[in-house]
file input_26.tsv (TSV, C-alpha atoms and all ligand atoms)
chain	number	residue	atom	x	y	z
A	1	MET	CA	-4.33	-25.86	147.06
A	2	LYS	CA	-1.84	-25.73	144.23
A	3	VAL	CA	1.57	-26.80	145.49
A	4	ASN	CA	4.31	-24.98	143.62
A	5	GLN	CA	7.09	-25.68	146.01
A	6	ALA	CA	7.68	-28.41	148.54
A	7	GLU	CA	10.91	-29.08	150.29
A	8	PHE	CA	12.28	-31.08	153.14
A	9	VAL	CA	13.68	-28.72	155.76
A	10	ILE	CA	14.93	-30.57	158.81
A	11	SER	CA	14.67	-33.75	160.79
A	12	ALA	CA	14.47	-32.29	164.28
A	13	VAL	CA	14.80	-33.85	167.72
A	14	ARG	CA	15.03	-30.75	169.89
A	15	PRO	CA	12.96	-27.57	169.93
A	16	GLU	CA	16.03	-25.43	169.09
A	17	GLN	CA	16.08	-27.19	165.75
A	18	TYR	CA	12.50	-26.36	164.83
A	19	PRO	CA	12.20	-23.69	162.12
A	20	ASP	CA	11.85	-20.16	163.44
A	21	ASP	CA	10.03	-18.44	160.60
A	22	ALA	CA	6.65	-18.72	162.34
A	23	LEU	CA	4.71	-20.36	159.51
A	24	PRO	CA	1.65	-22.38	160.57
A	25	GLU	CA	2.29	-26.09	161.14
A	26	ILE	CA	0.13	-29.13	160.48
A	27	ALA	CA	1.30	-32.23	162.34
A	28	LEU	CA	0.47	-35.85	161.59
A	29	ALA	CA	-0.05	-38.32	164.38
A	30	GLY	CA	-0.90	-41.98	164.07
A	31	ARG	CA	0.17	-45.56	164.39
A	32	SER	CA	3.39	-46.62	162.80
A	33	ASN	CA	2.81	-47.68	159.20
A	34	VAL	CA	-0.70	-46.26	159.05
A	35	GLY	CA	0.23	-44.03	156.11
A	36	LYS	CA	1.19	-40.60	157.49
A	37	SER	CA	4.14	-39.97	155.16
A	38	SER	CA	2.15	-41.24	152.17
A	39	LEU	CA	-0.62	-38.81	153.06
A	40	ILE	CA	1.80	-35.89	152.98
A	41	ASN	CA	3.15	-37.00	149.63
A	42	ARG	CA	-0.35	-37.25	148.20
A	43	LEU	CA	-1.37	-33.84	149.51
A	44	ILE	CA	1.64	-32.16	147.98
A	45	ALA	CA	1.68	-34.37	144.87
A	46	ARG	CA	5.28	-35.48	145.31
A	47	LYS	CA	6.01	-39.16	144.96
A	48	ASN	CA	8.47	-39.70	147.75
A	49	LEU	CA	9.43	-36.44	149.39
A	50	ALA	CA	8.25	-37.70	152.76
A	51	ARG	CA	10.04	-41.00	153.23
A	52	THR	CA	7.62	-43.92	153.22
A	53	SER	CA	8.27	-47.56	153.82
A	54	SER	CA	6.56	-50.88	154.28
A	55	THR	CA	8.82	-51.30	157.33
A	56	PRO	CA	7.18	-49.60	160.31
A	57	GLY	CA	9.16	-47.07	162.32
A	58	LYS	CA	10.69	-45.29	159.33
A	59	THR	CA	10.00	-41.77	160.54
A	60	GLN	CA	11.92	-41.21	163.77
A	61	HIS	CA	12.30	-37.50	164.18
A	62	LEU	CA	10.03	-34.57	163.55
A	63	ASN	CA	10.43	-34.13	159.82
A	64	TYR	CA	9.56	-30.68	158.58
A	65	TYR	CA	8.36	-30.05	155.02
A	66	ARG	CA	7.82	-26.48	153.86
A	67	ILE	CA	5.04	-26.00	151.33
A	68	ASN	CA	4.86	-22.88	149.09
A	69	ASP	CA	6.58	-20.87	151.83
A	70	GLU	CA	3.13	-20.90	153.48
A	71	ILE	CA	2.88	-23.85	155.83
A	72	TYR	CA	4.83	-26.73	157.26
A	73	PHE	CA	3.77	-30.34	157.40
A	74	VAL	CA	5.38	-32.02	160.36
A	75	ASP	CA	5.71	-35.77	159.96
A	76	VAL	CA	5.76	-37.28	163.42
A	77	PRO	CA	7.09	-40.76	164.25
A	78	GLY	CA	4.33	-43.33	164.51
A	79	TYR	CA	3.38	-44.92	167.82
A	80	GLY	CA	2.71	-48.54	168.68
A	81	TYR	CA	5.74	-50.00	166.97
A	82	ALA	CA	6.63	-53.10	168.99
A	83	LYS	CA	10.32	-53.27	168.14
A	84	VAL	CA	11.15	-49.94	169.71
A	85	SER	CA	12.95	-50.14	173.07
A	86	LYS	CA	11.43	-48.77	176.26
A	87	THR	CA	14.00	-45.99	176.42
A	88	GLN	CA	13.33	-44.98	172.83
A	89	ARG	CA	9.62	-45.02	173.49
A	90	ALA	CA	10.01	-42.74	176.50
A	91	GLU	CA	12.19	-40.33	174.51
A	92	TRP	CA	9.69	-40.39	171.70
A	93	GLY	CA	6.86	-39.67	174.12
A	94	ALA	CA	8.65	-36.72	175.67
A	95	MET	CA	9.51	-35.21	172.31
A	96	ILE	CA	5.99	-35.52	170.90
A	97	GLU	CA	4.37	-34.35	174.08
A	98	ARG	CA	6.50	-31.28	174.23
A	99	TYR	CA	5.98	-30.50	170.60
A	100	MET	CA	2.21	-30.97	170.70
A	101	LEU	CA	1.78	-28.99	173.90
A	102	GLU	CA	4.21	-26.13	173.47
A	103	ARG	CA	4.51	-25.44	169.79
A	104	VAL	CA	2.81	-22.12	169.16
A	105	GLY	CA	2.72	-22.48	165.37
A	106	LEU	CA	0.88	-25.81	165.54
A	107	LYS	CA	-2.53	-25.12	164.02
A	108	LEU	CA	-3.96	-28.58	163.44
A	109	VAL	CA	-3.18	-32.20	164.25
A	110	LEU	CA	-4.22	-34.77	161.67
A	111	LEU	CA	-4.87	-37.97	163.58
A	112	VAL	CA	-4.44	-40.64	160.95
A	113	VAL	CA	-6.21	-43.98	161.46
A	114	ASP	CA	-6.69	-47.00	159.22
A	115	LEU	CA	-10.22	-47.16	157.83
A	116	ARG	CA	-10.01	-50.94	157.61
A	117	HIS	CA	-9.70	-51.60	161.32
A	118	PRO	CA	-11.21	-50.24	164.52
A	119	PRO	CA	-8.84	-47.64	166.01
A	120	SER	CA	-6.27	-49.16	168.39
A	121	LYS	CA	-5.90	-48.43	172.09
A	122	ASP	CA	-3.07	-46.08	171.21
A	123	ASP	CA	-5.28	-44.26	168.70
A	124	ILE	CA	-7.95	-43.82	171.36
A	125	SER	CA	-5.40	-42.55	173.91
A	126	MET	CA	-3.96	-40.10	171.40
A	127	TYR	CA	-7.40	-38.79	170.51
A	128	GLU	CA	-8.27	-38.34	174.19
A	129	TRP	CA	-4.94	-36.78	175.02
A	130	LEU	CA	-5.24	-34.22	172.21
A	131	GLN	CA	-8.73	-33.31	173.34
A	132	HIS	CA	-7.67	-33.03	176.94
A	133	TYR	CA	-5.07	-30.45	175.97
A	134	ASN	CA	-7.45	-28.71	173.63
A	135	ARG	CA	-5.45	-29.26	170.50
A	136	PRO	CA	-7.31	-28.77	167.20
A	137	ILE	CA	-7.90	-32.19	165.65
A	138	CYS	CA	-9.02	-33.61	162.35
A	139	VAL	CA	-9.32	-37.40	162.09
A	140	VAL	CA	-8.25	-38.87	158.76
A	141	ALA	CA	-9.30	-42.44	157.98
A	142	THR	CA	-6.89	-43.57	155.31
A	143	LYS	CA	-6.37	-46.61	153.05
A	144	ALA	CA	-9.99	-46.33	151.90
A	145	ASP	CA	-8.95	-47.90	148.59
A	146	LYS	CA	-8.39	-51.16	150.45
A	147	ILE	CA	-12.06	-51.71	151.16
A	148	PRO	CA	-15.00	-51.71	148.79
A	149	ARG	CA	-17.01	-48.53	148.53
A	150	SER	CA	-20.14	-50.36	149.73
A	151	ARG	CA	-18.51	-50.83	153.14
A	152	TRP	CA	-17.07	-47.36	153.66
A	153	GLN	CA	-19.95	-46.04	155.75
A	154	LYS	CA	-19.94	-49.11	157.96
A	155	HIS	CA	-16.22	-48.68	158.61
A	156	ILE	CA	-16.59	-44.96	159.29
A	157	LYS	CA	-19.22	-45.82	161.87
A	158	VAL	CA	-16.87	-48.25	163.61
A	159	VAL	CA	-14.06	-45.68	163.60
A	160	LYS	CA	-16.33	-43.06	165.13
A	161	GLU	CA	-17.79	-45.37	167.75
A	162	THR	CA	-14.44	-46.78	168.80
A	163	LEU	CA	-12.86	-43.35	169.15
A	164	ASN	CA	-15.91	-41.95	170.85
A	165	PHE	CA	-15.75	-39.34	168.13
A	166	ARG	CA	-17.00	-35.85	168.92
A	167	GLN	CA	-19.20	-34.14	166.38
A	168	GLU	CA	-17.32	-30.85	166.65
A	169	HIS	CA	-14.32	-32.51	165.02
A	170	GLN	CA	-14.01	-33.30	161.37
A	171	LEU	CA	-13.38	-36.68	159.84
A	172	VAL	CA	-12.11	-37.23	156.32
A	173	MET	CA	-12.06	-40.48	154.42
A	174	PHE	CA	-8.81	-40.63	152.50
A	175	SER	CA	-6.65	-42.70	150.19
A	176	SER	CA	-3.06	-41.92	149.33
A	177	GLU	CA	-3.38	-44.46	146.55
A	178	THR	CA	-6.30	-42.82	144.71
A	179	GLY	CA	-6.23	-39.26	146.04
A	180	MET	CA	-9.67	-39.57	147.54
A	181	GLY	CA	-10.30	-36.92	150.21
A	182	LYS	CA	-7.44	-34.71	149.08
A	183	ASP	CA	-9.47	-31.59	148.24
A	184	GLU	CA	-11.62	-31.91	151.33
A	185	LEU	CA	-8.56	-32.23	153.56
A	186	TRP	CA	-6.83	-29.25	151.93
A	187	SER	CA	-9.84	-27.06	152.54
A	188	ILE	CA	-9.94	-28.09	156.20
A	189	ILE	CA	-6.20	-27.40	156.53
A	190	GLN	CA	-6.65	-23.97	154.96
A	191	SER	CA	-9.48	-23.12	157.31
A	192	TYR	CA	-7.04	-23.63	160.20
A	193	THR	CA	-4.04	-21.92	158.68
A	194	HIS	CA	-5.71	-18.81	157.20
A	195	GLU	CA	-7.16	-17.33	160.33
B	201	LIG	P1	5.95	-44.63	159.96
B	201	LIG	O1	6.79	-43.55	159.37
B	201	LIG	O2	6.65	-45.92	160.16
B	201	LIG	O3	5.24	-44.19	161.18
B	201	LIG	O4	4.80	-45.02	158.86
B	201	LIG	P2	3.81	-44.04	158.09
B	201	LIG	O5	2.58	-43.83	158.89
B	201	LIG	O6	4.50	-42.83	157.60
B	201	LIG	O7	3.36	-44.96	156.84
B	201	LIG	P3	3.84	-44.86	155.31
B	201	LIG	O8	3.29	-43.62	154.68
B	201	LIG	O9	5.30	-45.10	155.23
B	201	LIG	O10	3.01	-46.08	154.68
B	201	LIG	C1	3.15	-47.41	155.13
B	201	LIG	C2	2.73	-48.38	154.04
B	201	LIG	O11	1.33	-48.25	153.75
B	201	LIG	C3	3.46	-48.16	152.72
B	201	LIG	O12	3.72	-49.43	152.14
B	201	LIG	C4	2.45	-47.39	151.89
B	201	LIG	O13	2.60	-47.58	150.50
B	201	LIG	C5	1.13	-47.96	152.36
B	201	LIG	N1	0.03	-46.98	152.26
B	201	LIG	C6	-0.03	-45.77	152.86
B	201	LIG	N2	-1.19	-45.14	152.58
B	201	LIG	C7	-1.90	-45.95	151.77
B	201	LIG	C8	-3.20	-45.87	151.13
B	201	LIG	O14	-3.95	-44.90	151.24
B	201	LIG	N3	-3.58	-46.96	150.38
B	201	LIG	C9	-2.80	-48.06	150.24
B	201	LIG	N4	-3.29	-49.06	149.50
B	201	LIG	N5	-1.59	-48.18	150.82
B	201	LIG	C10	-1.13	-47.15	151.57
B	202	MG	MG	6.40	-42.12	158.03
call {"tool": "encode", "arguments": {"input": "input_26.tsv", "output": "structure tokens", "more": "lines below"}}
Ligand code: GTP
Ligand code: MG
result
Amino acid sequence: MKVNQAEFVISAVRPEQYPDDALPEIALAGRSNVGKSSLINRLIARKNLARTSSTPGKTQHLNYYRINDEIYFVDVPGYGYAKVSKTQRAEWGAMIERYMLERVGLKLVLLVVDLRHPPSKDDISMYEWLQHYNRPICVVATKADKIPRSRWQKHIKVVKETLNFRQEHQLVMFSSETGMGKDELWSIIQSYTHE
């Protein structure tokens, strides 16, 4: 997709703050620091519109980005960040849960995992949780540039086995560094947003 316009809209904590123009939404879920914000930036070809950082826990609210007045990307805070307090974690959980379960405009959840490592316990729980509630999922294995091409398939196999990946879902190998997987992911996103 050609991105002509991309803008940050709001950093929301409560449902009343979510945009009300009924555009389809694509949410990103994944471990803190896995590369969710970088993935958005790569997809929309903007260097740093979605805030990225080498410090985990950068994204703390639901950050809405409107693309071409057609869709929203919703950057969701990452899970599994050790330095977050119990209270914060509980608040985070409630916010995400509510958003993922109740948001009518949510068309697809991109579950972002790191291709280099087997998915974590939290990744597995998130994948199971999303399936349990029948949310549409696409798994994105990112940071592919960090391992040699000759080992990609082996790593994909580990990701699939660890997640207990279901064939009806799609899995995209991705790199925000090189742009690998960008076109494939856009076409999947469009298949969910142009119904
Ligand atoms: P939180 O907002 O804390 O949940 O993190 P995040 O998932 O948004 O991660 P972010 O996009 O901020 O990226 C974390 C770090 O990984 C940054 O230093 C990025 O430059 C780096 N990174 C992200 N994606 C890639 C990738 O595909 N390849 C490489 N080599 N580095 C990446
Ligand atoms: Mg982020």
call {"tool": "residues_near_ligand", "arguments": {"input": "input_26.tsv", "ligand": "ligand LIG 201 (chain B)", "cutoff": "6 Å", "atoms": "only C-alpha atoms and all ligand atoms", "output": "PyMOL selection string"}}
result
chain A and resi 32-38+52-54+56-59+77-78+142-143+145-146+175-177
call {"tool": "closest_residue", "arguments": {"input": "input_26.tsv", "among": "A:Lys2, A:Arg14, A:His169, A:Arg42", "to": "Ile137 (chain A)", "atoms": "only C-alpha atoms"}}
result
A:His169
call {"tool": "atom_distance", "arguments": {"input": "input_26.tsv", "atom1": "CA of Leu62 (chain A)", "atom2": "CA of Gln167 (chain A)"}}
result
29.4 Å
call {"tool": "closest_residue", "arguments": {"input": "input_26.tsv", "among": "A:Gly30, A:Gly105, A:Gly181, A:Pro136", "to": "ligand MG 202 (chain B)", "atoms": "all atoms listed in the file"}}
result
A:Gly30
call {"tool": "atom_distance", "arguments": {"input": "input_26.tsv", "atom1": "CA of Ala27 (chain A)", "atom2": "CA of Arg166 (chain A)"}}
result
19.8 Å
call {"tool": "atom_distance", "arguments": {"input": "input_26.tsv", "atom1": "CA of Ser125 (chain A)", "atom2": "CA of Val104 (chain A)"}}
result
22.5 Å
call {"tool": "residues_around", "arguments": {"input": "input_26.tsv", "residues": "Cys138 (chain A)", "least_positions_apart": "5", "cutoff": "12 Å", "atoms": "only C-alpha atoms", "output": "number ranges by chain"}}
result
A: 26-30, 107-113, 127, 130-131, 165-173, 184-189, 191-192
call {"tool": "build_atoms", "arguments": {"input": "input_26.tsv", "residues": "region 113-128 of chain A", "atoms": "N, CA and C atoms", "output": "tab-separated table (two decimals), in the coordinates of the input"}}
result
chain	number	residue	atom	x	y	z
A	113	VAL	N	-5.86	-42.61	161.07
A	113	VAL	CA	-6.21	-43.98	161.46
A	113	VAL	C	-6.48	-44.78	160.19
A	114	ASP	N	-6.49	-46.09	160.35
A	114	ASP	CA	-6.69	-47.00	159.22
A	114	ASP	C	-8.18	-47.32	159.11
A	115	LEU	N	-8.78	-46.96	157.99
A	115	LEU	CA	-10.22	-47.16	157.83
A	115	LEU	C	-10.61	-48.64	157.91
A	116	ARG	N	-9.67	-49.51	157.65
A	116	ARG	CA	-10.01	-50.94	157.61
A	116	ARG	C	-10.27	-51.54	158.97
A	117	HIS	N	-9.63	-50.97	160.00
A	117	HIS	CA	-9.70	-51.60	161.32
A	117	HIS	C	-10.23	-50.62	162.36
A	118	PRO	N	-10.83	-51.15	163.43
A	118	PRO	CA	-11.21	-50.24	164.52
A	118	PRO	C	-9.95	-49.58	165.07
A	119	PRO	N	-10.01	-48.31	165.44
A	119	PRO	CA	-8.84	-47.64	166.01
A	119	PRO	C	-8.27	-48.42	167.20
A	120	SER	N	-6.94	-48.40	167.33
A	120	SER	CA	-6.27	-49.16	168.39
A	120	SER	C	-6.38	-48.41	169.71
A	121	LYS	N	-5.94	-49.08	170.77
A	121	LYS	CA	-5.90	-48.43	172.09
A	121	LYS	C	-5.07	-47.17	172.04
A	122	ASP	N	-3.94	-47.25	171.34
A	122	ASP	CA	-3.07	-46.08	171.21
A	122	ASP	C	-3.76	-44.94	170.47
A	123	ASP	N	-4.53	-45.29	169.44
A	123	ASP	CA	-5.28	-44.26	168.70
A	123	ASP	C	-6.27	-43.56	169.65
A	124	ILE	N	-6.95	-44.37	170.43
A	124	ILE	CA	-7.95	-43.82	171.36
A	124	ILE	C	-7.26	-42.91	172.38
A	125	SER	N	-6.12	-43.38	172.93
A	125	SER	CA	-5.40	-42.55	173.91
A	125	SER	C	-4.95	-41.25	173.29
A	126	MET	N	-4.44	-41.32	172.06
A	126	MET	CA	-3.96	-40.10	171.40
A	126	MET	C	-5.11	-39.12	171.19
A	127	TYR	N	-6.23	-39.64	170.75
A	127	TYR	CA	-7.40	-38.79	170.51
A	127	TYR	C	-7.84	-38.12	171.83
A	128	GLU	N	-7.85	-38.90	172.89
A	128	GLU	CA	-8.27	-38.34	174.19
A	128	GLU	C	-7.27	-37.31	174.71
